[in-house]
Structure formats: structure tokens, C-alpha cells
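K.L.:
If it helps, the file is called structure-v3.txt and holds compact mmCIF, C-alpha atoms and all ligand atoms:
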```
# COMPACT_ATOMS: atom_id res chain seq x y z
CA PHE A 190 -33.82 -51.79 19.87
CA GLY A 191 -35.53 -51.21 23.17
CA LYS A 192 -38.85 -52.49 21.85
CA ARG A 193 -40.96 -55.24 23.27
CA LEU A 194 -41.88 -58.07 20.96
CA GLU A 195 -45.55 -57.00 21.04
CA ASP A 196 -44.55 -53.60 19.71
CA LEU A 197 -42.98 -55.19 16.68
CA ILE A 198 -44.88 -58.34 15.80
CA GLY A 199 -47.42 -57.72 13.09
CA LYS A 200 -45.89 -54.31 12.34
CA ARG A 201 -43.42 -53.32 9.74
CA TRP A 202 -39.90 -52.38 10.84
CA HIS A 203 -40.69 -48.67 10.69
CA PRO A 204 -40.68 -47.98 14.42
CA ILE A 205 -36.94 -48.69 14.63
CA ALA A 206 -35.63 -47.21 11.36
CA VAL A 207 -34.62 -43.60 10.91
CA MET A 208 -37.41 -42.10 8.77
CA GLU A 209 -35.12 -40.59 6.14
CA ASP A 210 -33.75 -44.05 5.34
CA VAL A 211 -37.20 -45.62 4.79
CA PRO A 212 -37.55 -44.83 1.06
CA HIS A 213 -34.14 -46.42 0.48
CA ILE A 214 -35.12 -49.53 2.46
CA GLU A 215 -38.46 -49.77 0.65
CA ALA A 216 -36.79 -49.51 -2.73
CA LYS A 217 -34.30 -52.25 -1.88
CA LEU A 218 -36.99 -54.57 -0.50
CA ALA A 219 -39.17 -54.02 -3.57
CA ALA A 220 -36.46 -55.75 -5.56
CA LEU A 221 -36.96 -59.03 -3.68
CA SER A 222 -38.32 -61.88 -5.81
CA PRO A 223 -38.16 -65.67 -5.84
CA SER A 224 -35.14 -65.45 -8.14
CA ASN A 225 -33.57 -62.70 -6.00
CA PRO A 226 -34.58 -63.61 -2.43
CA VAL A 227 -31.76 -61.81 -0.50
CA VAL A 228 -30.88 -58.12 -0.26
CA THR A 229 -28.37 -56.44 2.00
CA ILE A 230 -29.32 -52.98 3.23
CA GLU A 231 -27.34 -50.49 5.26
CA ASN A 232 -29.49 -48.10 7.22
CA ARG A 233 -29.74 -46.27 10.53
CA VAL A 234 -31.83 -47.43 13.47
CA TYR A 235 -32.68 -46.08 16.92
CA ASP A 236 -31.51 -48.14 19.86
CA GLY A 237 -33.56 -48.16 23.05
CA GLN A 238 -31.66 -45.14 24.44
CA GLY A 239 -32.42 -42.79 21.54
CA GLU A 240 -28.97 -43.22 19.97
CA ILE A 241 -28.68 -43.84 16.26
CA HIS A 242 -26.67 -46.82 15.02
CA TRP A 243 -25.71 -47.87 11.53
CA MET A 244 -26.80 -51.44 10.82
CA GLU A 245 -26.25 -53.83 8.00
CA PHE A 246 -29.30 -56.06 7.48
CA VAL A 247 -29.22 -59.17 5.39
CA ASN A 248 -32.86 -59.65 4.43
CA ARG A 249 -34.03 -63.02 3.18
CA ALA A 250 -37.56 -63.27 1.80
CA PHE A 251 -39.74 -66.37 1.87
CA PHE A 252 -42.41 -66.86 -0.77
CA ASP A 253 -45.65 -68.79 -1.14
CA ALA A 254 -46.45 -70.90 -4.18
CA ASP A 255 -47.71 -67.81 -6.06
CA GLY A 256 -44.46 -65.95 -5.51
CA ASN A 257 -45.85 -63.57 -2.82
CA ILE A 258 -43.66 -62.78 0.12
CA THR A 259 -44.91 -64.46 3.27
CA HIS A 260 -42.24 -63.17 5.59
CA ILE A 261 -38.77 -61.72 5.68
CA GLN A 262 -35.99 -62.80 7.97
CA ALA A 263 -33.55 -59.98 8.70
CA VAL A 264 -30.20 -60.49 10.38
CA GLY A 265 -28.52 -57.26 11.37
CA ARG A 266 -25.16 -56.29 12.72
CA ASP A 267 -23.98 -52.99 14.07
CA ILE A 268 -21.59 -51.33 11.60
CA SER A 269 -21.51 -47.87 13.23
CA VAL A 270 -17.74 -47.80 13.70
CA ARG A 271 -17.00 -48.70 10.10
CA LYS A 272 -19.72 -46.36 8.78
CA GLU A 273 -18.45 -43.39 10.79
CA ALA A 274 -14.92 -44.03 9.53
CA GLU A 275 -16.27 -44.22 5.96
CA ILE A 276 -18.19 -40.97 6.39
CA ALA A 277 -15.11 -39.25 7.86
CA LEU A 278 -13.07 -40.54 4.92
CA ALA A 279 -15.64 -39.31 2.43
CA ILE A 280 -15.68 -35.86 4.07
CA ASN A 281 -11.88 -35.81 3.97
CA ALA A 282 -11.85 -36.85 0.34
CA GLN A 283 -14.40 -34.14 -0.47
CA LEU A 284 -12.29 -31.58 1.37
CA GLU A 285 -9.15 -32.68 -0.42
CA GLU A 286 -10.94 -32.48 -3.74
CA LYS A 287 -12.11 -28.97 -2.89
CA VAL A 288 -8.59 -27.91 -1.87
CA ALA A 289 -7.16 -29.38 -5.08
CA GLN A 290 -9.84 -27.59 -7.11
CA ARG A 291 -9.17 -24.24 -5.39
CA THR A 292 -5.41 -24.70 -5.76
CA ALA A 293 -5.84 -25.36 -9.48
CA GLU A 294 -8.06 -22.27 -9.82
CA LEU A 295 -5.49 -20.17 -7.97
CA GLN A 296 -2.67 -21.55 -10.07
CA ARG A 297 -4.63 -20.73 -13.22
CA ALA A 298 -5.34 -17.19 -11.99
CA ASN A 299 -1.70 -16.74 -11.03
CA GLN A 300 -0.55 -18.03 -14.37
CA GLU A 301 -2.91 -15.65 -16.17
CA LEU A 302 -1.59 -12.75 -14.12
CA GLU A 303 1.96 -13.79 -14.87
CA ASN A 304 1.18 -14.08 -18.60
CA PHE A 305 -0.37 -10.65 -18.49
CA THR A 306 2.66 -9.14 -16.75
CA TYR A 307 4.91 -10.82 -19.24
CA ALA A 308 2.92 -9.64 -22.28
CA ALA A 309 2.48 -6.11 -20.92
CA SER A 310 6.12 -5.61 -19.98
CA HIS A 311 7.30 -7.27 -23.14
CA ASP A 312 5.21 -4.92 -25.33
CA MET A 313 6.16 -1.82 -23.34
CA ARG A 314 9.85 -2.53 -23.55
CA ALA A 315 10.44 -1.68 -27.21
CA PRO A 316 8.58 1.69 -27.32
CA LEU A 317 10.19 2.69 -24.03
CA GLY A 318 13.58 1.78 -25.39
CA ARG A 319 12.85 4.04 -28.38
CA ILE A 320 11.78 6.99 -26.21
CA ASN A 321 14.99 6.48 -24.30
CA ASN A 322 17.18 6.30 -27.39
CA PHE A 323 15.53 9.20 -29.20
CA SER A 324 15.68 11.45 -26.16
CA ALA A 325 19.41 10.63 -25.98
CA LEU A 326 19.79 11.41 -29.70
CA LEU A 327 17.82 14.63 -29.31
CA ARG A 328 20.11 15.68 -26.52
CA GLN A 329 23.20 14.78 -28.50
CA ARG A 330 22.24 16.54 -31.77
CA TYR A 331 19.97 19.41 -30.77
CA ILE A 332 21.26 20.44 -27.39
CA GLY A 333 22.44 23.75 -28.87
CA HIS A 334 18.89 24.64 -30.00
CA LEU A 335 17.42 24.26 -26.52
CA ASP A 336 17.38 26.80 -23.72
CA GLU A 337 18.02 25.74 -20.13
CA GLU A 338 14.40 24.84 -19.48
CA GLY A 339 14.26 22.75 -22.66
CA ARG A 340 17.37 20.85 -21.59
CA LEU A 341 15.84 20.23 -18.16
CA PHE A 342 12.64 18.88 -19.74
CA LEU A 343 14.64 16.62 -22.01
CA ASP A 344 16.70 15.31 -19.09
CA LEU A 345 13.53 14.57 -17.19
CA ILE A 346 12.06 12.68 -20.15
CA HIS A 347 15.27 10.69 -20.45
CA GLN A 348 15.56 9.92 -16.74
CA ASN A 349 11.95 8.84 -16.44
CA ALA A 350 12.03 6.73 -19.59
CA SER A 351 15.22 5.02 -18.34
CA ARG A 352 13.62 4.36 -15.00
CA LEU A 353 10.51 2.93 -16.60
CA TYR A 354 12.64 0.85 -18.95
CA GLN A 355 14.51 -0.62 -15.98
CA LEU A 356 11.25 -1.35 -14.19
CA VAL A 357 9.78 -3.08 -17.22
CA ASP A 358 13.00 -5.04 -17.67
CA ASP A 359 12.89 -6.19 -14.03
CA LEU A 360 9.22 -7.11 -14.36
CA LEU A 361 10.00 -9.14 -17.43
CA ALA A 362 12.75 -11.00 -15.55
CA HIS A 363 10.30 -11.63 -12.70
CA ALA A 364 7.63 -12.98 -15.07
CA ARG A 365 10.21 -15.07 -16.92
CA MET A 366 11.39 -16.64 -13.68
CA GLY A 367 8.32 -18.93 -13.76
CA THR A 368 7.27 -21.12 -10.89
CA GLU A 369 8.04 -24.71 -11.84
CA LYS A 370 10.64 -26.62 -9.88
CA LEU A 371 14.11 -26.36 -11.36
CA GLU A 372 16.49 -29.01 -12.60
CA MET A 373 19.48 -28.84 -10.28
CA ALA A 374 23.09 -29.60 -11.11
CA SER A 375 26.24 -29.54 -9.04
CA ILE A 376 27.62 -25.99 -9.07
CA ASP A 377 31.00 -24.75 -7.91
CA LEU A 378 29.84 -22.14 -5.41
CA GLU A 379 33.17 -20.51 -4.85
CA ALA A 380 33.84 -20.05 -8.56
CA THR A 381 30.32 -18.67 -9.05
CA VAL A 382 30.84 -16.07 -6.33
CA GLN A 383 34.32 -15.15 -7.63
CA VAL A 384 32.94 -14.53 -11.15
CA LEU A 385 30.11 -12.44 -9.73
CA VAL A 386 32.42 -10.24 -7.67
CA HIS A 387 34.68 -9.86 -10.66
CA GLU A 388 31.69 -8.68 -12.74
CA ARG A 389 31.12 -5.89 -10.24
CA ALA A 390 34.80 -4.95 -9.93
CA ASP A 391 34.21 -1.40 -11.26
CA ASP A 392 31.46 -0.61 -8.76
CA ILE A 393 33.47 -2.16 -5.94
CA GLN A 394 36.44 -0.02 -6.81
CA ARG A 395 34.38 3.15 -7.28
CA LEU A 396 32.83 2.71 -3.82
CA GLY A 397 36.08 1.62 -2.20
CA ALA A 398 34.21 -1.43 -0.91
CA GLN A 399 35.95 -4.34 0.79
CA VAL A 400 34.53 -7.64 -0.38
CA ARG A 401 35.32 -10.83 1.47
CA ILE A 402 34.46 -14.23 0.06
CA ASP A 403 33.95 -16.79 2.76
CA VAL A 404 33.31 -19.84 0.60
CA ALA A 405 35.59 -22.84 0.80
CA PRO A 406 37.50 -23.35 -2.46
CA GLY A 407 35.80 -25.93 -4.63
CA MET A 408 32.63 -26.05 -2.52
CA GLN A 409 29.87 -27.70 -4.56
CA ALA A 410 26.16 -27.10 -4.21
CA PRO A 411 23.20 -28.54 -6.11
CA ALA A 412 21.63 -25.52 -7.80
CA HIS A 413 20.46 -24.06 -11.06
CA ALA A 414 23.43 -22.06 -12.33
CA LEU A 415 21.55 -19.23 -14.09
CA VAL A 416 19.02 -18.79 -11.34
CA LEU A 417 21.61 -18.88 -8.56
CA ASN A 418 23.66 -16.30 -10.44
CA GLN A 419 20.71 -13.99 -10.79
CA VAL A 420 19.84 -14.33 -7.10
CA LEU A 421 23.38 -13.67 -5.90
CA ARG A 422 23.80 -10.77 -8.33
CA ASN A 423 20.65 -9.10 -6.98
CA LEU A 424 21.82 -9.53 -3.40
CA LEU A 425 25.32 -8.28 -4.15
CA ASP A 426 23.94 -5.25 -6.05
CA ASN A 427 21.68 -4.42 -3.11
CA ALA A 428 24.55 -4.84 -0.65
CA LEU A 429 26.64 -2.41 -2.73
CA LYS A 430 23.74 0.02 -3.14
CA TYR A 431 22.63 0.12 0.48
CA SER A 432 26.11 0.24 2.01
CA ALA A 433 27.50 2.84 -0.41
CA MET A 434 27.59 5.44 2.38
CA ALA A 435 29.54 3.26 4.83
CA LYS A 436 33.18 4.08 5.26
CA PRO A 437 34.26 1.77 3.85
CA PRO A 438 31.46 -0.51 2.64
CA ARG A 439 32.19 -4.04 3.82
CA ILE A 440 30.51 -6.94 2.11
CA GLU A 441 30.86 -10.62 2.86
CA ILE A 442 29.55 -13.45 0.74
CA GLY A 443 29.68 -16.73 2.59
CA ALA A 444 28.44 -20.27 2.35
CA GLY A 445 28.13 -23.01 4.92
CA PRO A 446 27.33 -26.58 4.05
CA SER A 447 25.42 -28.76 6.45
CA GLU A 448 23.89 -32.22 6.34
CA SER A 449 20.83 -31.47 4.28
CA VAL A 450 20.79 -27.81 3.27
CA CYS A 451 22.99 -25.38 1.46
CA ARG A 452 23.15 -21.96 3.06
CA VAL A 453 24.58 -18.88 1.40
CA TRP A 454 24.59 -15.37 2.84
CA VAL A 455 25.37 -11.88 1.67
CA ARG A 456 26.25 -9.46 4.48
CA ASP A 457 26.78 -5.70 4.35
CA ASN A 458 27.41 -2.90 6.82
CA GLY A 459 24.90 -0.56 5.19
CA ILE A 460 21.77 1.25 6.31
CA GLY A 461 20.03 -1.94 7.48
CA ILE A 462 16.29 -2.64 7.59
CA ASP A 463 13.69 -1.93 10.25
CA PRO A 464 12.52 -5.32 11.68
CA ALA A 465 8.92 -4.36 10.82
CA TYR A 466 9.87 -4.78 7.16
CA HIS A 467 11.97 -7.95 7.30
CA GLN A 468 9.21 -9.96 5.60
CA ARG A 469 7.58 -7.29 3.49
CA ILE A 470 10.68 -6.27 1.53
CA PHE A 471 10.27 -9.55 -0.39
CA GLU A 472 6.94 -8.37 -1.81
CA ILE A 473 7.07 -6.98 -5.31
CA PHE A 474 7.33 -3.15 -5.50
CA ARG A 475 7.91 -2.89 -1.73
CA ARG A 476 10.53 -0.17 -1.35
CA LEU A 477 11.55 1.59 1.83
CA HIS A 478 13.12 4.63 0.18
CA THR A 479 12.37 7.17 -2.47
CA TYR A 480 13.88 6.75 -5.89
CA SER A 481 16.10 9.78 -5.42
CA GLU A 482 17.59 8.31 -2.19
CA PHE A 483 18.23 4.87 -3.70
CA PRO A 484 17.24 4.13 -7.29
CA GLY A 485 15.57 0.79 -7.89
CA SER A 486 12.35 -0.82 -9.00
CA GLY A 487 11.44 -2.86 -5.92
CA VAL A 488 11.39 -6.07 -7.96
CA GLY A 489 14.84 -7.46 -7.02
CA LEU A 490 14.03 -9.20 -3.74
CA ALA A 491 10.68 -10.50 -5.04
CA LEU A 492 12.66 -12.12 -7.84
CA VAL A 493 15.14 -13.57 -5.32
CA LYS A 494 12.28 -15.07 -3.31
CA LYS A 495 10.59 -16.54 -6.36
CA ALA A 496 13.87 -17.98 -7.61
CA VAL A 497 14.84 -19.58 -4.30
CA GLU A 498 11.37 -21.06 -3.95
CA ARG A 499 11.87 -22.68 -7.33
CA MET A 500 14.88 -24.42 -5.80
CA ASN A 501 12.61 -25.54 -2.93
CA GLY A 502 14.36 -23.12 -0.63
CA ARG A 503 13.76 -19.94 1.34
CA VAL A 504 15.26 -16.51 1.84
CA TRP A 505 15.22 -14.27 4.91
CA VAL A 506 17.02 -11.27 6.29
CA GLU A 507 18.64 -10.51 9.62
CA SER A 508 19.34 -6.86 10.09
CA GLU A 509 19.64 -3.98 12.50
CA PRO A 510 18.97 -0.50 11.17
CA GLY A 511 22.16 1.49 10.88
CA VAL A 512 24.39 -1.56 11.37
CA GLY A 513 23.85 -3.63 8.23
CA ALA A 514 21.90 -6.50 6.77
CA THR A 515 22.54 -10.18 6.09
CA PHE A 516 20.43 -11.97 3.52
CA PHE A 517 20.35 -15.75 3.91
CA LEU A 518 19.44 -18.27 1.25
CA GLU A 519 18.82 -21.86 2.15
CA TRP A 520 17.79 -24.74 -0.07
CA PRO A 521 17.87 -28.54 0.20
CA ALA A 522 21.14 -30.24 -0.60
CA PRO A 523 20.60 -33.98 -0.22
CA GLY A 524 23.60 -35.54 1.48
CA PRO A 525 26.72 -33.67 2.56
CA MET A 526 28.07 -31.42 -0.19
CA PRO A 527 31.14 -33.00 -1.67
CA MET A 528 34.25 -30.92 -2.16
CA ALA A 529 35.53 -30.85 -5.73
CA ILE A 530 39.08 -32.16 -6.11
P1 LIG B 601 15.15 -2.17 -4.94
O1 LIG B 601 16.52 -2.33 -4.39
O2 LIG B 601 15.09 -2.11 -6.41
O3 LIG B 601 14.38 -1.07 -4.28
P2 LIG B 601 14.58 -4.79 -3.87
O4 LIG B 601 13.38 -5.65 -4.11
O5 LIG B 601 15.91 -5.32 -4.26
O6 LIG B 601 14.28 -3.45 -4.63
O7 LIG B 601 14.62 -4.40 -2.35
C1 LIG B 601 13.42 -3.96 -1.71
C2 LIG B 601 13.75 -3.01 -0.57
O8 LIG B 601 14.46 -3.71 0.46
C3 LIG B 601 14.68 -1.89 -0.98
O9 LIG B 601 13.98 -0.80 -1.50
C4 LIG B 601 15.37 -1.56 0.33
O10 LIG B 601 14.59 -0.67 1.07
C5 LIG B 601 15.42 -2.88 1.06
N1 LIG B 601 16.74 -3.53 0.93
C6 LIG B 601 17.11 -4.49 0.07
N2 LIG B 601 18.38 -4.88 0.26
C7 LIG B 601 18.85 -4.14 1.28
C8 LIG B 601 20.12 -4.06 1.98
N3 LIG B 601 21.16 -4.83 1.65
N4 LIG B 601 20.22 -3.17 2.98
C9 LIG B 601 19.19 -2.37 3.32
N5 LIG B 601 17.98 -2.40 2.72
C10 LIG B 601 17.79 -3.28 1.71
```
Written as C-alpha cells, how would this file's structure read?
P.N.:
Amino acid sequence: FGKRLEDLIGKRWHPIAVMEDVPHIEAKLAALSPSNPVVTIENRVYDGQGEIHWMEFVNRAFFDADGNITHIQAVGRDISVRKEAEIALAINAQLEEKVAQRTAELQRANQELENFTYAASHDMRAPLGRINNFSALLRQRYIGHLDEEGRLFLDLIHQNASRLYQLVDDLLAHARMGTEKLEMASIDLEATVQVLVHERADDIQRLGAQVRIDVAPGMQAPAHALVLNQVLRNLLDNALKYSAMAKPPRIEIGAGPSESVCRVWVRDNGIGIDPAYHQRIFEIFRRLHTYSEFPGSGVGLALVKKAVERMNGRVWVESEPGVGATFFLEWPAPGPMPMAI
């Protein structure tokens, strides 16, 4: 401790201990008694060079016939390395606890927000549907009683109610999508894509679009059937919508298996997306066009992102404005994907 014997003999141990630890040492030593003659104390001391070390002292007390302490023998060893590791561990544990606490708070807040969206859109849906239906009925039955301006007003009510209804419907789907991880099953990718394209046969024909399916027959992927369908439907609908002006619209839906992931893409030769927006289009309500240019609610890609994340996967876009866009989905597929026989 860098002290001479004379500095210590006849004095208490105070000159070497860190002052803040003294009350703790005193309290421990006060517990010494003939029936409890040994206490172990961990405390900090100064070495001769002004550095602080953690020590573990085993203190043994000796008593006279009346039970008073005559002297204490203390044997100390330097435990600085262990103590520093323990402190670092405790700080880490505290940090982890804080992170877990904050994460739980965030999850709760998110859940509340999601519940609110769900409740709000759910309750708005029915009255909106009625406005929609009654404006259609009004048009049907009373069109003859309205002048041109009246008909225009009615059309505007109908259009806006329909648009709001669609938005609320999309929001409801987004809120329903939830966030928990999904149970996956083996899905026939090629059949899924075929059914989807078939569903949109009318639109494809109306637009004169050429749709190519580049998925090996019988290709299997671990996925959640309903969720995957919804994701692919959104991407196909967007591809059709944003390439409608191309002559002709060309759309490709492809899939490529690899060792550990399943990758599916939907490519179009439409208007494309400015690179500045390649990330932001996945945010809810982020739209790059006015409603009159391209109708939509701006919920579709946010839903795609949420859905793919529930399959532990990711979605991204590669695109050049004016040339087209390719949306990629990728999610874990443990082991090579087997081909169905
Ligand atoms: P919506 O299509 O209803 O506006 P989305 O969330 O599906 O909403 O898409 C968000 C935005 O991303 C769209 O408004 C559009 O600007 C852009 N986008 C999506 N898909 C494509 C695509 N295939 N080609 C070009 N732009 C796209």
C-alpha cells in the first residue's frame, strides 16, 4: 500500500481504504463477535501509486476473556480483475434490462396504435359503405330529378366515399396483418402464382399486358399461404397499375431458390421509381403520384413490408425511372427447397 509500518501501526486501516467504502467496512466489522470471529469484506484501497484496487479481506478477530476485540488479523488479496469484470457485467445487464423495458414499452405503444387503427377503420367502414350505397341508389332512382350540377355533386360524393372506403379497407387489412411471426407451411409457388395471374385475367386482357411466369413447375417454398397471396397480389396489382401506359405492359413474376432463402420478384416495364424513394415507398401513405394520375391508398407496399417481415424476410425495389421496377421478396427457407413430384 505504499505505507511504512510506522504509518500504520497503532492506527486504524483508514489511511489505505477509499473513504466511501468505510461505512460498509465499519458495519461489517461491527458484526464480529466471539461466536462470529471472521468476516470477509470487499472494498477498494489505494496502492502506493495512487491507483485504486479492489481487495478481498478476510478479517479474523481475536478476543480477550471479556469478549472484547484485542486485534484483528486481515489477509487481503487483489480482486480488481474479477471486480471490474463483475461491474462491466452488471452495467451490461442493466443496459439489457433497460433495452428490454424500452422495447416492451414500444411494443405496447405500437400495439395500442394498431388497435386504434383497427377500431377506427372498422367503425368507419360500415357508415362509409352506406354513404357509398345510398349515393349509388340516389343516382339510380333520382337521376332524372337532378340538373347537371346536382349529378356532378352526386358523382363527387360517390367517388370520394368509394375512395375513403377503399382506404379504410386497406387500413383494416394493414392492422389485421399483425406482427407476430407466422406459422409456415410448404407452398407450391408456381401454382400460387398461376392462380393469382388467373384472378387478374380481365385486367391483363384489358391492358393487353404480357405476363411471364418464371417459376419452375412444382417449386415449393416455406410460406404462409394467405399472407404470401396478399403480398404477391399487391405487387402484381401495382405492376399492372404502374405499367398500364407501356406498350405493351410486360410483367414477369419469377422465383429463384437458393441454399437458405427463397427469393421471389415481380418485374414491370412501367414508370419506375426515383432512387430517392426506393426505401420510402414502403412507408404507409407514401405515394408518389396524385390520386387522379394513379388511384390508390398508399397502404399496399406498407402491407407487403409488414407481411414479409412476419415471415422473417425483407422486401426491396430495384428500379430506374421510365424503364420499370422490380420488387424483390426474400425470406429464409431452411435447406434447399425441394421440388414437388
Ligand atoms: P398505392 O399503389 O396505393 O399508391 P403502394 O403502397 O402500393 O400504394 O405504393 C406506394 C407508391 O410506390 C405508389 O404510390 C407508387 O408511387 C410507387 N409504386 C409502387 N409500385 C410501383 C411500381 N410497380 N412501379 C412504379 N411505382 C410504384
K.L.:
So which residues are near ligand LIG 601 (chain B), meaning at most 7 Å away with all atoms listed in the file counted, given back as a list in words?
P.N.:
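What falls inside 7 Å of ligand LIG 601 (chain B) is Asn423, Leu424, Asn427, Ala428, Tyr431, Ser432, Asp457, Gly459, Ile460, Gly461, Ile462, Ile470, Phe471, Ile473, Phe474, Arg475, Arg476, Leu477, His478, Pro484, Gly485, Ser486, Gly487, Val488, Gly489, Leu490, Ala491, Gly513 and Ala514 of chain A.
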K.L.:
Smallest atom-to-atom distance to Phe252 (chain A): which of A:Gln409, A:Ser449, A:Asn299, A:Asn225, using all atoms listed in the file?
P.N.:
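Comparing A:Gln409, A:Ser449, A:Asn299, A:Asn225 against Phe252 (chain A), the winner is A:Asn225.
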K.L.:
Interatomic distance between CA of Trp505 (chain A) and CA of Leu518 (chain A)?
P.N.:
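Interatomic distance, CA of Trp505 (chain A) to CA of Leu518 (chain A): 6.9 Å.
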K.L.:
Would you kindly return, as a PyMOL selection string, each protein, DNA or RNA residue with an atom no farther than 12 Å from any atom of Pro437 (chain A), considering only C-alpha atoms and excluding same-chain residues fewer than 4 positions away?
P.N.:
chain A and resi 393-400+429+432-433+457-459
K.L.:
Measuring atom to atom with only C-alpha atoms, identify which of A:Thr292, A:Ser222, A:Gln419, A:Gln283 is nearest to Thr259 (chain A).
P.N.:
A:Ser222
K.L.:
Go through A:Lys200, A:Arg271, A:Arg365, A:His242 one by one, measure the shortest atom-to-atom distance of each to Ala496 (chain A) using all atoms listed in the file, and give the residue with the smallest value.
P.N.:
A:Arg365
K.L.:
Give the answer as one residue: which of A:Gly239, A:Pro406, A:Gly367, A:Pro464 has the shortest atom-to-atom distance to Val497 (chain A), using all atoms listed in the file?
P.N.:
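So, comparing all the options, the nearest one is A:Gly367.
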